[in-house]
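S.K.: My structure is stored as target-v6.tsv, with TSV, C-alpha atoms.
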chain	number	residue	atom	x	y	z
A	1	MET	CA	142.89	215.83	163.16
A	2	TYR	CA	142.40	217.61	159.93
A	3	GLY	CA	139.01	219.21	159.95
A	4	SER	CA	138.70	221.17	156.75
A	5	TYR	CA	142.41	221.00	155.97
A	6	THR	CA	142.54	219.28	152.61
A	7	GLY	CA	145.27	216.96	151.44
A	8	ARG	CA	146.94	216.38	154.77
A	9	SER	CA	149.08	213.36	155.30
A	10	GLN	CA	146.44	211.64	157.44
A	11	ALA	CA	148.73	210.94	160.35
A	12	ARG	CA	145.83	210.28	162.67
A	13	GLY	CA	145.56	206.61	161.85
A	14	ARG	CA	149.26	205.99	161.93
A	15	ALA	CA	150.24	208.38	164.68
A	16	THR	CA	148.28	206.86	167.49
A	17	ALA	CA	149.46	203.46	166.33
A	18	GLY	CA	152.76	204.48	167.82
A	19	ILE	CA	151.41	205.75	171.13
A	20	ARG	CA	148.36	203.66	172.03
A	21	ALA	CA	148.79	200.45	173.98
A	22	THR	CA	146.76	198.83	171.21
A	23	GLY	CA	148.74	200.46	168.41
A	24	THR	CA	151.00	198.25	166.35
A	25	ALA	CA	154.30	199.92	167.15
A	26	ALA	CA	153.55	199.66	170.84
A	27	VAL	CA	152.36	196.09	170.46
A	28	CYS	CA	155.45	195.12	168.51
A	29	ALA	CA	157.63	196.79	171.12
A	30	ALA	CA	155.95	194.85	173.87
A	31	LEU	CA	156.37	191.62	171.95
A	32	LEU	CA	159.98	192.34	171.26
A	33	LEU	CA	160.67	193.17	174.88
A	34	SER	CA	159.07	189.90	175.91
A	35	GLY	CA	161.17	187.86	173.51
A	36	CYS	CA	159.72	188.43	170.05
A	37	SER	CA	163.24	188.86	168.70
A	38	GLY	CA	164.77	186.04	170.66
A	39	GLY	CA	164.28	183.22	168.18
A	40	GLY	CA	166.96	181.91	165.92
A	41	GLY	CA	167.02	181.06	162.26
A	42	ASP	CA	167.14	183.17	159.13
A	43	ASP	CA	163.59	184.46	159.30
A	44	GLY	CA	163.90	186.95	162.14
A	45	GLY	CA	162.93	184.59	164.94
A	46	ASN	CA	160.25	182.60	163.15
A	47	ASP	CA	161.68	179.11	163.68
A	48	LYS	CA	159.96	175.89	164.63
A	49	ASP	CA	160.51	176.44	168.35
A	50	ASN	CA	158.60	179.72	168.35
A	51	ASP	CA	154.86	179.93	168.77
A	52	SER	CA	154.57	182.47	165.96
A	53	PRO	CA	151.12	183.65	164.86
A	54	ALA	CA	151.66	182.46	161.30
A	55	ALA	CA	154.57	181.26	159.22
A	56	VAL	CA	155.79	184.43	157.49
A	57	GLU	CA	158.85	184.34	155.27
A	58	GLN	CA	161.14	187.23	154.44
A	59	GLN	CA	160.95	188.71	150.96
A	60	PRO	CA	163.96	188.23	148.62
A	61	LYS	CA	166.62	190.58	149.95
A	62	ALA	CA	167.72	191.91	146.57
A	63	GLN	CA	164.22	193.14	145.82
A	64	ASP	CA	163.02	194.04	149.30
A	65	PRO	CA	165.65	194.33	152.03
A	66	TYR	CA	163.22	195.30	154.82
A	67	TRP	CA	162.25	193.05	157.70
A	68	VAL	CA	158.90	191.27	157.78
A	69	ASN	CA	157.77	191.08	161.41
A	70	PRO	CA	156.42	187.57	162.10
A	71	GLU	CA	154.51	188.91	165.12
A	72	GLY	CA	152.54	191.60	163.26
A	73	ASN	CA	148.79	192.13	163.44
A	74	ALA	CA	148.26	190.73	159.97
A	75	ALA	CA	150.20	187.55	160.79
A	76	ARG	CA	148.08	187.11	163.91
A	77	GLN	CA	144.94	187.54	161.85
A	78	VAL	CA	146.11	184.88	159.42
A	79	ALA	CA	146.56	182.52	162.35
A	80	ALA	CA	143.11	183.36	163.73
A	81	TYR	CA	141.38	182.75	160.40
A	82	THR	CA	143.32	179.52	159.92
A	83	LYS	CA	142.33	178.31	163.38
A	84	ASP	CA	138.69	179.00	162.51
A	85	GLY	CA	139.04	177.08	159.26
A	86	ASP	CA	138.61	180.24	157.17
A	87	GLU	CA	141.36	179.53	154.66
A	88	LYS	CA	139.98	181.97	152.08
A	89	ASN	CA	140.29	185.03	154.32
A	90	ALA	CA	143.57	183.75	155.75
A	91	ALA	CA	145.00	183.70	152.22
A	92	LEU	CA	143.79	187.26	151.62
A	93	ILE	CA	145.31	188.70	154.80
A	94	ARG	CA	148.54	186.86	154.12
A	95	LYS	CA	149.05	189.28	151.24
A	96	ILE	CA	149.56	191.95	153.91
A	97	ALA	CA	151.29	189.77	156.50
A	98	GLU	CA	154.06	188.73	154.12
A	99	GLN	CA	155.15	192.32	153.38
A	100	PRO	CA	157.37	194.54	155.57
A	101	VAL	CA	155.66	197.53	157.19
A	102	GLY	CA	156.92	200.46	159.24
A	103	ASP	CA	157.47	200.16	162.99
A	104	TRP	CA	156.17	203.34	164.68
A	105	ILE	CA	158.27	204.00	167.76
A	106	SER	CA	156.31	204.95	170.86
A	107	PRO	CA	157.55	207.51	173.43
A	108	ASP	CA	158.33	205.06	176.23
A	109	ASN	CA	161.32	202.72	176.35
A	110	ALA	CA	162.45	203.87	172.92
A	111	GLU	CA	165.91	202.39	173.19
A	112	SER	CA	164.58	198.94	174.11
A	113	GLN	CA	161.93	199.07	171.39
A	114	VAL	CA	164.36	200.04	168.68
A	115	LYS	CA	167.04	197.64	169.84
A	116	GLY	CA	164.57	194.77	169.76
A	117	ILE	CA	163.32	195.64	166.30
A	118	THR	CA	166.75	196.23	164.76
A	119	GLU	CA	168.20	193.11	166.37
A	120	ALA	CA	165.36	190.98	165.01
A	121	ALA	CA	165.82	192.51	161.58
A	122	ALA	CA	169.57	192.02	161.63
A	123	LYS	CA	169.17	188.41	162.72
A	124	ALA	CA	167.02	187.87	159.63
A	125	ASP	CA	169.68	189.63	157.52
A	126	ARG	CA	167.24	192.41	156.80
A	127	GLU	CA	166.90	196.13	157.49
A	128	ALA	CA	164.52	197.75	159.99
A	129	LEU	CA	162.01	200.35	158.82
A	130	LEU	CA	161.36	202.83	161.65
A	131	VAL	CA	158.96	205.77	161.82
A	132	LEU	CA	159.60	208.57	164.32
A	133	TYR	CA	156.53	210.63	165.25
A	134	ASN	CA	157.12	212.38	168.55
A	135	ILE	CA	157.81	216.03	167.72
A	136	PRO	CA	156.63	218.53	170.39
A	137	HIS	CA	153.25	220.15	169.67
A	138	ARG	CA	152.52	217.35	167.25
A	139	ASP	CA	149.48	217.67	164.98
A	140	CYS	CA	148.71	221.23	166.02
A	141	GLY	CA	146.73	220.03	169.03
A	142	GLN	CA	144.28	218.06	166.88
A	143	PHE	CA	143.39	214.35	166.95
A	144	SER	CA	146.96	213.10	167.17
A	145	LYS	CA	148.14	215.82	169.49
A	146	GLY	CA	150.96	215.01	171.83
A	147	GLY	CA	154.60	214.30	171.23
A	148	ALA	CA	157.54	215.06	173.48
A	149	ALA	CA	156.95	217.59	176.26
A	150	ASP	CA	159.57	220.00	174.93
A	151	GLY	CA	162.71	220.23	172.84
A	152	ASN	CA	164.98	218.73	175.48
A	153	ALA	CA	162.64	215.79	175.99
A	154	TYR	CA	162.61	215.20	172.24
A	155	ARG	CA	166.40	215.28	172.02
A	156	ALA	CA	166.65	212.78	174.87
A	157	TRP	CA	164.12	210.50	173.14
A	158	LEU	CA	165.97	210.80	169.86
A	159	GLU	CA	169.21	209.88	171.61
A	160	SER	CA	167.51	206.74	172.92
A	161	VAL	CA	166.36	205.86	169.42
A	162	ALA	CA	169.85	206.31	168.02
A	163	LYS	CA	171.36	204.13	170.75
A	164	GLY	CA	168.75	201.48	170.05
A	165	ILE	CA	169.72	201.42	166.38
A	166	GLY	CA	173.42	201.11	167.11
A	167	ASP	CA	175.36	199.92	164.09
A	168	ARG	CA	172.50	197.82	162.71
A	169	PRO	CA	170.91	198.72	159.33
A	170	ALA	CA	167.84	200.93	159.61
A	171	THR	CA	165.80	203.28	157.46
A	172	VAL	CA	164.09	206.07	159.39
A	173	ILE	CA	161.06	208.04	158.21
A	174	LEU	CA	161.41	211.24	160.19
A	175	GLU	CA	158.38	213.00	161.67
A	176	PRO	CA	155.46	212.74	159.25
A	177	ASP	CA	153.62	216.06	158.93
A	178	ALA	CA	156.04	218.01	161.15
A	179	LEU	CA	157.52	220.14	158.39
A	180	LEU	CA	154.25	220.54	156.53
A	181	HIS	CA	152.51	221.90	159.60
A	182	LEU	CA	155.07	224.68	159.61
A	183	VAL	CA	154.44	225.45	155.96
A	184	ASP	CA	150.63	225.47	156.14
A	185	GLY	CA	150.55	227.58	159.29
A	186	CYS	CA	148.88	224.93	161.43
A	187	THR	CA	151.71	224.94	163.97
A	188	PRO	CA	151.84	228.27	165.85
A	189	GLN	CA	154.66	230.57	164.77
A	190	GLU	CA	156.20	230.55	168.24
A	191	PHE	CA	157.20	226.91	167.79
A	192	HIS	CA	158.69	227.18	164.30
A	193	GLU	CA	162.30	227.95	165.15
A	194	GLU	CA	162.51	225.14	167.69
A	195	ARG	CA	160.97	222.63	165.30
A	196	TYR	CA	163.36	223.44	162.51
A	197	ASP	CA	166.21	223.04	164.98
A	198	LEU	CA	164.85	219.70	166.22
A	199	LEU	CA	164.40	218.28	162.73
A	200	LYS	CA	167.87	219.35	161.65
A	201	GLY	CA	169.36	218.02	164.87
A	202	ALA	CA	167.52	214.72	164.47
A	203	ILE	CA	168.98	214.20	161.01
A	204	GLU	CA	172.46	215.02	162.24
A	205	ARG	CA	172.19	212.68	165.23
A	206	LEU	CA	170.70	209.75	163.33
A	207	LYS	CA	173.31	210.04	160.58
A	208	GLN	CA	175.99	209.41	163.19
A	209	GLN	CA	174.83	205.80	163.18
A	210	PRO	CA	176.92	204.04	160.53
A	211	ALA	CA	174.13	202.08	158.81
A	212	THR	CA	171.16	204.44	159.16
A	213	LYS	CA	169.33	206.16	156.31
A	214	VAL	CA	167.04	209.10	157.07
A	215	TYR	CA	164.13	210.39	154.97
A	216	LEU	CA	162.55	213.65	156.14
A	217	ASP	CA	158.82	213.71	155.54
A	218	ALA	CA	157.56	216.11	152.88
A	219	GLY	CA	153.81	215.42	152.91
A	220	ASN	CA	151.95	214.38	149.78
A	221	ALA	CA	151.22	215.64	146.31
A	222	ALA	CA	147.83	217.10	147.28
A	223	TRP	CA	149.04	219.13	150.25
A	224	GLN	CA	151.64	221.75	149.29
A	225	THR	CA	153.60	222.69	146.17
A	226	PRO	CA	157.31	222.09	145.60
A	227	GLU	CA	157.72	225.87	145.52
A	228	ALA	CA	156.34	226.11	149.05
A	229	LEU	CA	158.40	223.22	150.38
A	230	TYR	CA	161.96	223.44	149.15
A	231	GLN	CA	163.19	226.27	151.36
A	232	PRO	CA	161.63	224.81	154.55
A	233	LEU	CA	163.21	221.46	153.67
A	234	GLN	CA	166.58	223.13	153.30
A	235	ARG	CA	166.15	224.89	156.62
A	236	ALA	CA	165.26	221.57	158.27
A	237	GLY	CA	168.51	219.97	157.12
A	238	ILE	CA	167.52	217.99	154.05
A	239	ALA	CA	171.06	218.39	152.71
A	240	GLU	CA	172.31	215.97	155.38
A	241	ALA	CA	169.44	213.51	154.98
A	242	ASP	CA	169.36	210.63	152.51
A	243	GLY	CA	166.19	212.02	150.99
A	244	PHE	CA	162.53	212.70	151.73
A	245	SER	CA	159.34	210.67	152.11
A	246	LEU	CA	156.02	211.21	150.36
A	247	ASN	CA	152.41	210.05	150.73
A	248	VAL	CA	152.72	208.68	154.26
A	249	SER	CA	149.28	207.31	155.19
A	250	ASN	CA	147.82	208.98	152.12
A	251	PHE	CA	146.25	207.70	148.91
A	252	GLN	CA	147.87	209.71	146.12
A	253	THR	CA	148.86	207.40	143.29
A	254	THR	CA	152.43	206.35	142.78
A	255	ALA	CA	152.56	208.11	139.42
A	256	VAL	CA	151.32	211.38	140.87
A	257	SER	CA	153.67	211.07	143.85
A	258	THR	CA	156.62	210.34	141.59
A	259	GLU	CA	155.94	213.38	139.42
A	260	PHE	CA	155.59	215.58	142.49
A	261	GLY	CA	158.73	214.13	144.07
A	262	LYS	CA	160.84	214.76	141.00
A	263	LYS	CA	159.78	218.40	140.88
A	264	LEU	CA	160.64	218.81	144.54
A	265	SER	CA	163.92	216.91	144.18
A	266	ALA	CA	165.03	219.26	141.42
A	267	LYS	CA	164.80	222.16	143.87
A	268	ILE	CA	166.84	220.51	146.63
A	269	GLY	CA	169.89	219.22	144.86
A	270	GLY	CA	168.48	216.06	143.31
A	271	LYS	CA	167.67	214.29	146.57
A	272	PRO	CA	165.94	210.91	146.12
A	273	PHE	CA	162.72	209.97	147.87
A	274	VAL	CA	160.55	207.08	149.05
A	275	ILE	CA	156.80	206.69	148.52
A	276	ASP	CA	154.25	205.11	150.84
A	277	THR	CA	152.29	202.78	148.57
A	278	SER	CA	150.47	200.92	151.34
A	279	ARG	CA	146.93	201.99	150.35
A	280	ASN	CA	147.22	203.98	147.14
A	281	GLY	CA	146.25	201.29	144.64
A	282	ASN	CA	142.99	203.02	143.70
A	283	GLY	CA	144.13	206.57	144.37
A	284	PRO	CA	142.37	209.04	146.69
A	285	TYR	CA	138.72	208.76	147.68
A	286	LYS	CA	136.51	211.47	146.20
A	287	GLY	CA	133.13	210.66	147.76
A	288	GLY	CA	131.42	211.57	151.00
A	289	ASP	CA	132.29	214.46	153.28
A	290	PRO	CA	135.36	216.22	151.82
A	291	ALA	CA	136.62	216.81	155.37
A	292	GLU	CA	136.77	213.05	155.98
A	293	THR	CA	138.04	211.63	152.70
A	294	TRP	CA	141.23	210.69	154.56
A	295	CYS	CA	139.53	208.60	157.23
A	296	ASN	CA	138.99	204.92	156.42
A	297	PRO	CA	137.85	205.68	152.87
A	298	PRO	CA	136.00	202.79	151.22
A	299	GLY	CA	137.13	201.08	148.06
A	300	ARG	CA	140.84	201.69	148.55
A	301	ALA	CA	143.41	199.10	147.54
A	302	LEU	CA	146.94	198.06	148.32
A	303	GLY	CA	149.53	199.74	146.15
A	304	GLU	CA	152.86	198.46	144.87
A	305	VAL	CA	154.46	195.98	147.23
A	306	PRO	CA	157.49	197.26	149.12
A	307	THR	CA	160.64	197.16	147.03
A	308	THR	CA	163.84	199.03	146.34
A	309	GLN	CA	163.65	198.00	142.69
A	310	THR	CA	161.49	200.90	141.51
A	311	GLY	CA	163.01	201.37	138.08
A	312	ASP	CA	163.59	205.06	138.81
A	313	GLU	CA	166.92	206.34	140.09
A	314	LEU	CA	165.22	209.09	142.10
A	315	VAL	CA	162.75	206.76	143.83
A	316	ASP	CA	164.74	204.80	146.41
A	317	ALA	CA	161.84	202.60	147.47
A	318	TYR	CA	158.15	201.91	147.58
A	319	LEU	CA	157.34	201.30	151.25
A	320	TRP	CA	154.34	200.37	153.37
A	321	ILE	CA	154.85	203.04	156.03
A	322	LYS	CA	151.23	203.13	157.08
A	323	ARG	CA	150.22	199.62	158.18
A	324	PRO	CA	147.43	198.37	155.89
A	325	GLY	CA	144.47	197.23	157.93
A	326	GLU	CA	144.92	199.60	160.85
A	327	SER	CA	142.17	202.14	161.37
A	328	ASP	CA	142.49	205.84	160.61
A	329	GLY	CA	140.05	206.61	163.42
A	330	GLU	CA	136.50	206.23	164.64
A	331	CYS	CA	134.77	207.05	161.38
A	332	LYS	CA	132.85	204.95	158.86
A	333	GLY	CA	132.47	202.22	161.46
A	334	GLY	CA	136.14	201.99	162.30
A	335	PRO	CA	137.75	201.34	165.69
A	336	LYS	CA	140.15	203.74	167.40
A	337	ALA	CA	143.01	205.09	165.34
A	338	GLY	CA	145.81	202.58	165.07
A	339	ASP	CA	143.67	199.58	166.03
A	340	TRP	CA	143.69	196.55	163.74
A	341	TRP	CA	140.49	196.34	161.68
A	342	PRO	CA	140.31	193.02	159.81
A	343	GLU	CA	137.25	193.97	157.75
A	344	TYR	CA	139.04	196.99	156.33
A	345	ALA	CA	142.17	194.93	155.71
A	346	LEU	CA	140.12	192.41	153.75
A	347	GLY	CA	138.58	195.24	151.75
A	348	LEU	CA	142.01	196.55	150.79
A	349	VAL	CA	143.13	193.15	149.56
A	350	ARG	CA	139.91	192.36	147.70
A	351	ALA	CA	140.08	195.71	145.92
A	352	THR	CA	143.59	194.83	144.81
A	353	GLN	CA	142.54	191.63	143.06
Let me see the file written as structure tokens.
M.R.:
Amino acid sequence: MYGSYTGRSQARGRATAGIRATGTAAVCAALLLSGCSGGGGDDGGNDKDNDSPAAVEQQPKAQDPYWVNPEGNAARQVAAYTKDGDEKNAALIRKIAEQPVGDWISPDNAESQVKGITEAAAKADREALLVLYNIPHRDCGQFSKGGAADGNAYRAWLESVAKGIGDRPATVILEPDALLHLVDGCTPQEFHEERYDLLKGAIERLKQQPATKVYLDAGNAAWQTPEALYQPLQRAGIAEADGFSLNVSNFQTTAVSTEFGKKLSAKIGGKPFVIDTSRNGNGPYKGGDPAETWCNPPGRALGEVPTTQTGDELVDAYLWIKRPGESDGECKGGPKAGDWWPEYALGLVRATQ
């Protein structure tokens, strides 16, 4: 996806998770459509009558209001290890399974997917965390190329997403990399005007839902400067959004991301931001081929657990937007992008000890 482009947001591993049949967003959608969200109780469907992969409780709402999906890949891995009598590894993976992660919405049946996710979250008295990654000409034709066929197809998809949300609480991370690929010149100039229009229109449409927050993606601290970003963000409608997102699927430390975010916020009217802390515990990887430091880097660790209690009025939340344990792609022995990779997940947890 990135070739020699340095500092990119590494959407490859998370993008295809939303579009592959084996990707987590697609898997979750399939589970939800088949009754994943149909259980009762206060834990989002994880009651005694459900054959859930593993008993996963919700986090305290005051600290972390986002929904923990009891049918996630990590919860299934906990169950598999437990069945095999491997309690040690089950306990390690549980550290991922018990945290809320982003649901990447795939192109097909968006309304049903989103309705299932938001209903399950609401039933658990929690908020859904959704990631939209379907912009036309996505990823400049590289590894995660694809997206909606054209602007009209994207608007129709977005309408389905909004209908699926309804009046239920949801936080939306809007189009990782889409704005940055305009700034760095990766997306051809002929598509710029349409993309700005689509991003602005997406914010406006999503904000019509009464309980929806929208964070427009702004890349990461190693990609572009605040000086290069603030005018494109304004053109894309950041004024109507709740804020912006940083470090999605990347490894920049929380401290570095916070410093960068504050500088950018100062240029766009003091907008707050959220930081993806899913794999940034040890910061970025500096070894190996510089063109592949983003892809399944070794020795990385989980970052701060998801929470809205960040201690900083400009940082609305630390979130796990990228799903820890899902591959960035077929490099360093990894499976296809978006596929669950238990060995890598274990490595993340062990490095966090």
S.K.: Can you pull out the residues contacting range 330-333 of chain A? Cut-off 12 Å, using all atoms listed in the file, and skip same-chain residues under 3 positions away; I want them as a ChimeraX atom specification.
M.R.: /A:1,12-13,143,288-289,291-298,326-327,336-339,341,343-344
S.K.: Figure out the distance between CA of Gly303 in chain A and CA of Thr277 in chain A, please, to one decimal in Å.
M.R.: 4.8 Å
S.K.: Once you count only C-alpha atoms, what closest atom pair and distance in Å to one decimal does each residue of range 104-189 of chain A within 7 Å of range 56-79 of chain A have, with rows by chain and rising residue number, as JSON lines?
M.R.:
{"residue": "A:Ala121", "atom": "CA", "partner": "A:Trp67", "partner_atom": "CA", "distance": 5.3}
{"residue": "A:Arg126", "atom": "CA", "partner": "A:Trp67", "partner_atom": "CA", "distance": 5.1}
{"residue": "A:Glu127", "atom": "CA", "partner": "A:Tyr66", "partner_atom": "CA", "distance": 4.6}
{"residue": "A:Ala128", "atom": "CA", "partner": "A:Trp67", "partner_atom": "CA", "distance": 5.7}
{"residue": "A:Leu129", "atom": "CA", "partner": "A:Tyr66", "partner_atom": "CA", "distance": 6.6}
S.K.: Mind checking which residues fall within 8 Å of Phe251 in chain A, counting only C-alpha atoms, ignoring those fewer than 6 positions away in the same chain, and posting them as a PDB file with C-alpha atoms, in the frame of the given file?
M.R.:
ATOM      1  CA  THR A 277     152.290 202.780 148.570  1.00  0.00           C
ATOM      2  CA  ARG A 279     146.930 201.990 150.350  1.00  0.00           C
ATOM      3  CA  ASN A 280     147.220 203.980 147.140  1.00  0.00           C
ATOM      4  CA  GLY A 281     146.250 201.290 144.640  1.00  0.00           C
ATOM      5  CA  ASN A 282     142.990 203.020 143.700  1.00  0.00           C
ATOM      6  CA  GLY A 283     144.130 206.570 144.370  1.00  0.00           C
ATOM      7  CA  PRO A 284     142.370 209.040 146.690  1.00  0.00           C
ATOM      8  CA  TYR A 285     138.720 208.760 147.680  1.00  0.00           C
TER       9      TYR A 285
END
S.K.: Using all atoms listed in the file, which protein or nucleic acid residues come within 8 Å of Gly146 in chain A? Drop anything in the same chain fewer than 6 positions from it, and give the result as a ChimeraX atom specification.
M.R.: /A:134,136-139
S.K.: For Leu179 in chain A, which of A:Arg205, A:Arg94, A:His192, A:Lys83 is the closest residue, counting only C-alpha atoms?
M.R.: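 Going through A:Arg205, A:Arg94, A:His192, A:Lys83 one by one, the smallest distance to Leu179 in chain A is for A:His192.
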S.K.: What does the distance between CA of Tyr215 in chain A and CA of Gly102 in chain A come to in Å, to one decimal place?
M.R.: 13.0 Å
S.K.: Excluding Lys115 in chain A and residues on its chain fewer than 3 positions from it, collect all residues at most 8 Å away from it, counting all atoms listed in the file, and give them as a list in words.
M.R.: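 Near neighbours after the sequence-gap exclusion: Glu111, Ser112, Thr118, Glu119, Lys163, Gly164, Ile165 and Gly166 of chain A.
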S.K.: For CA of Leu229 in chain A and CA of Lys271 in chain A, quote the distance in Å rounded to one decimal.
M.R.: 13.4 Å
S.K.: Range 317-321 of chain A: which residues within 9 Å, counting all atoms listed in the file, same-chain residues fewer than 5 positions away excluded, as a VMD selection string?
M.R.: chain A and resid 14 64 99 to 104 129 to 131 173 248 to 249 254 273 to 279 303 to 310
S.K.: Would you mind telling me which residue in A:Asn109, A:Arg168, A:Ala202, A:Tyr196 lies nearest to Arg155 in chain A when using all atoms listed in the file?
M.R.: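 Of A:Asn109, A:Arg168, A:Ala202, A:Tyr196, the one nearest Arg155 in chain A is A:Ala202, counting all atoms listed in the file.
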S.K.: My list of candidates is A:Ile105, A:Gly269, A:Glu227, A:Gly261. Which is closest to Ala241 in chain A when distances are computed with all atoms listed in the file?
M.R.: A:Gly269
S.K.: Taking into account all atoms listed in the file, which residue in the set A:Val349, A:Val315, A:Ala178, A:Ala55 is nearest to Leu198 in chain A?
M.R.: A:Ala178
S.K.: Taking the block just given, write range 304-311 of chain A to a file that holds all heavy atoms, as an mmCIF file, in the first residue's frame.
M.R.:
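Everything below was put into decode-v9.cif:
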data_model
loop_
_atom_site.group_PDB
_atom_site.id
_atom_site.type_symbol
_atom_site.label_atom_id
_atom_site.label_comp_id
_atom_site.auth_asym_id
_atom_site.auth_seq_id
_atom_site.Cartn_x
_atom_site.Cartn_y
_atom_site.Cartn_z
ATOM 1 N N GLU A 304 -2.285 2.551 25.748
ATOM 2 C CA GLU A 304 -3.288 2.805 26.781
ATOM 3 C C GLU A 304 -4.603 2.120 26.421
ATOM 4 O O GLU A 304 -5.009 2.104 25.257
ATOM 5 C CB GLU A 304 -3.536 4.310 26.949
ATOM 6 C CG GLU A 304 -2.403 5.062 27.615
ATOM 7 C CD GLU A 304 -1.370 5.592 26.638
ATOM 8 O OE1 GLU A 304 -1.385 5.155 25.467
ATOM 9 O OE2 GLU A 304 -0.556 6.443 27.028
ATOM 10 N N VAL A 305 -5.258 1.568 27.419
ATOM 11 C CA VAL A 305 -6.549 0.936 27.163
ATOM 12 C C VAL A 305 -7.562 2.016 26.789
ATOM 13 O O VAL A 305 -7.426 3.177 27.180
ATOM 14 C CB VAL A 305 -7.041 0.146 28.383
ATOM 15 C CG1 VAL A 305 -6.100 -1.006 28.690
ATOM 16 C CG2 VAL A 305 -7.218 1.052 29.594
ATOM 17 N N PRO A 306 -8.580 1.639 26.015
ATOM 18 C CA PRO A 306 -9.584 2.624 25.622
ATOM 19 C C PRO A 306 -10.237 3.293 26.829
ATOM 20 O O PRO A 306 -10.612 2.628 27.800
ATOM 21 C CB PRO A 306 -10.599 1.785 24.836
ATOM 22 C CG PRO A 306 -9.797 0.653 24.291
ATOM 23 C CD PRO A 306 -8.808 0.337 25.381
ATOM 24 N N THR A 307 -10.362 4.595 26.745
ATOM 25 C CA THR A 307 -10.986 5.353 27.828
ATOM 26 C C THR A 307 -11.312 6.760 27.346
ATOM 27 O O THR A 307 -10.656 7.286 26.447
ATOM 28 C CB THR A 307 -10.063 5.442 29.060
ATOM 29 O OG1 THR A 307 -10.743 6.161 30.112
ATOM 30 C CG2 THR A 307 -8.770 6.175 28.751
ATOM 31 N N THR A 308 -12.314 7.347 27.950
ATOM 32 C CA THR A 308 -12.603 8.761 27.724
ATOM 33 C C THR A 308 -12.020 9.625 28.836
ATOM 34 O O THR A 308 -12.105 10.845 28.775
ATOM 35 C CB THR A 308 -14.119 8.989 27.628
ATOM 36 O OG1 THR A 308 -14.753 8.447 28.793
ATOM 37 C CG2 THR A 308 -14.703 8.327 26.379
ATOM 38 N N GLN A 309 -11.430 8.976 29.817
ATOM 39 C CA GLN A 309 -10.808 9.699 30.936
ATOM 40 C C GLN A 309 -9.317 9.877 30.645
ATOM 41 O O GLN A 309 -8.476 9.184 31.208
ATOM 42 C CB GLN A 309 -11.039 8.947 32.238
ATOM 43 C CG GLN A 309 -12.492 8.695 32.571
ATOM 44 C CD GLN A 309 -13.277 9.976 32.749
ATOM 45 O OE1 GLN A 309 -12.843 10.890 33.468
ATOM 46 N NE2 GLN A 309 -14.427 10.064 32.108
ATOM 47 N N THR A 310 -8.996 10.794 29.754
ATOM 48 C CA THR A 310 -7.613 10.967 29.318
ATOM 49 C C THR A 310 -6.831 11.968 30.156
ATOM 50 O O THR A 310 -5.607 12.035 30.054
ATOM 51 C CB THR A 310 -7.575 11.438 27.854
ATOM 52 O OG1 THR A 310 -8.113 12.778 27.772
ATOM 53 C CG2 THR A 310 -8.374 10.505 26.951
ATOM 54 N N GLY A 311 -7.526 12.775 30.935
ATOM 55 C CA GLY A 311 -6.849 13.788 31.723
ATOM 56 C C GLY A 311 -6.457 15.014 30.918
ATOM 57 O O GLY A 311 -5.742 15.886 31.421
#
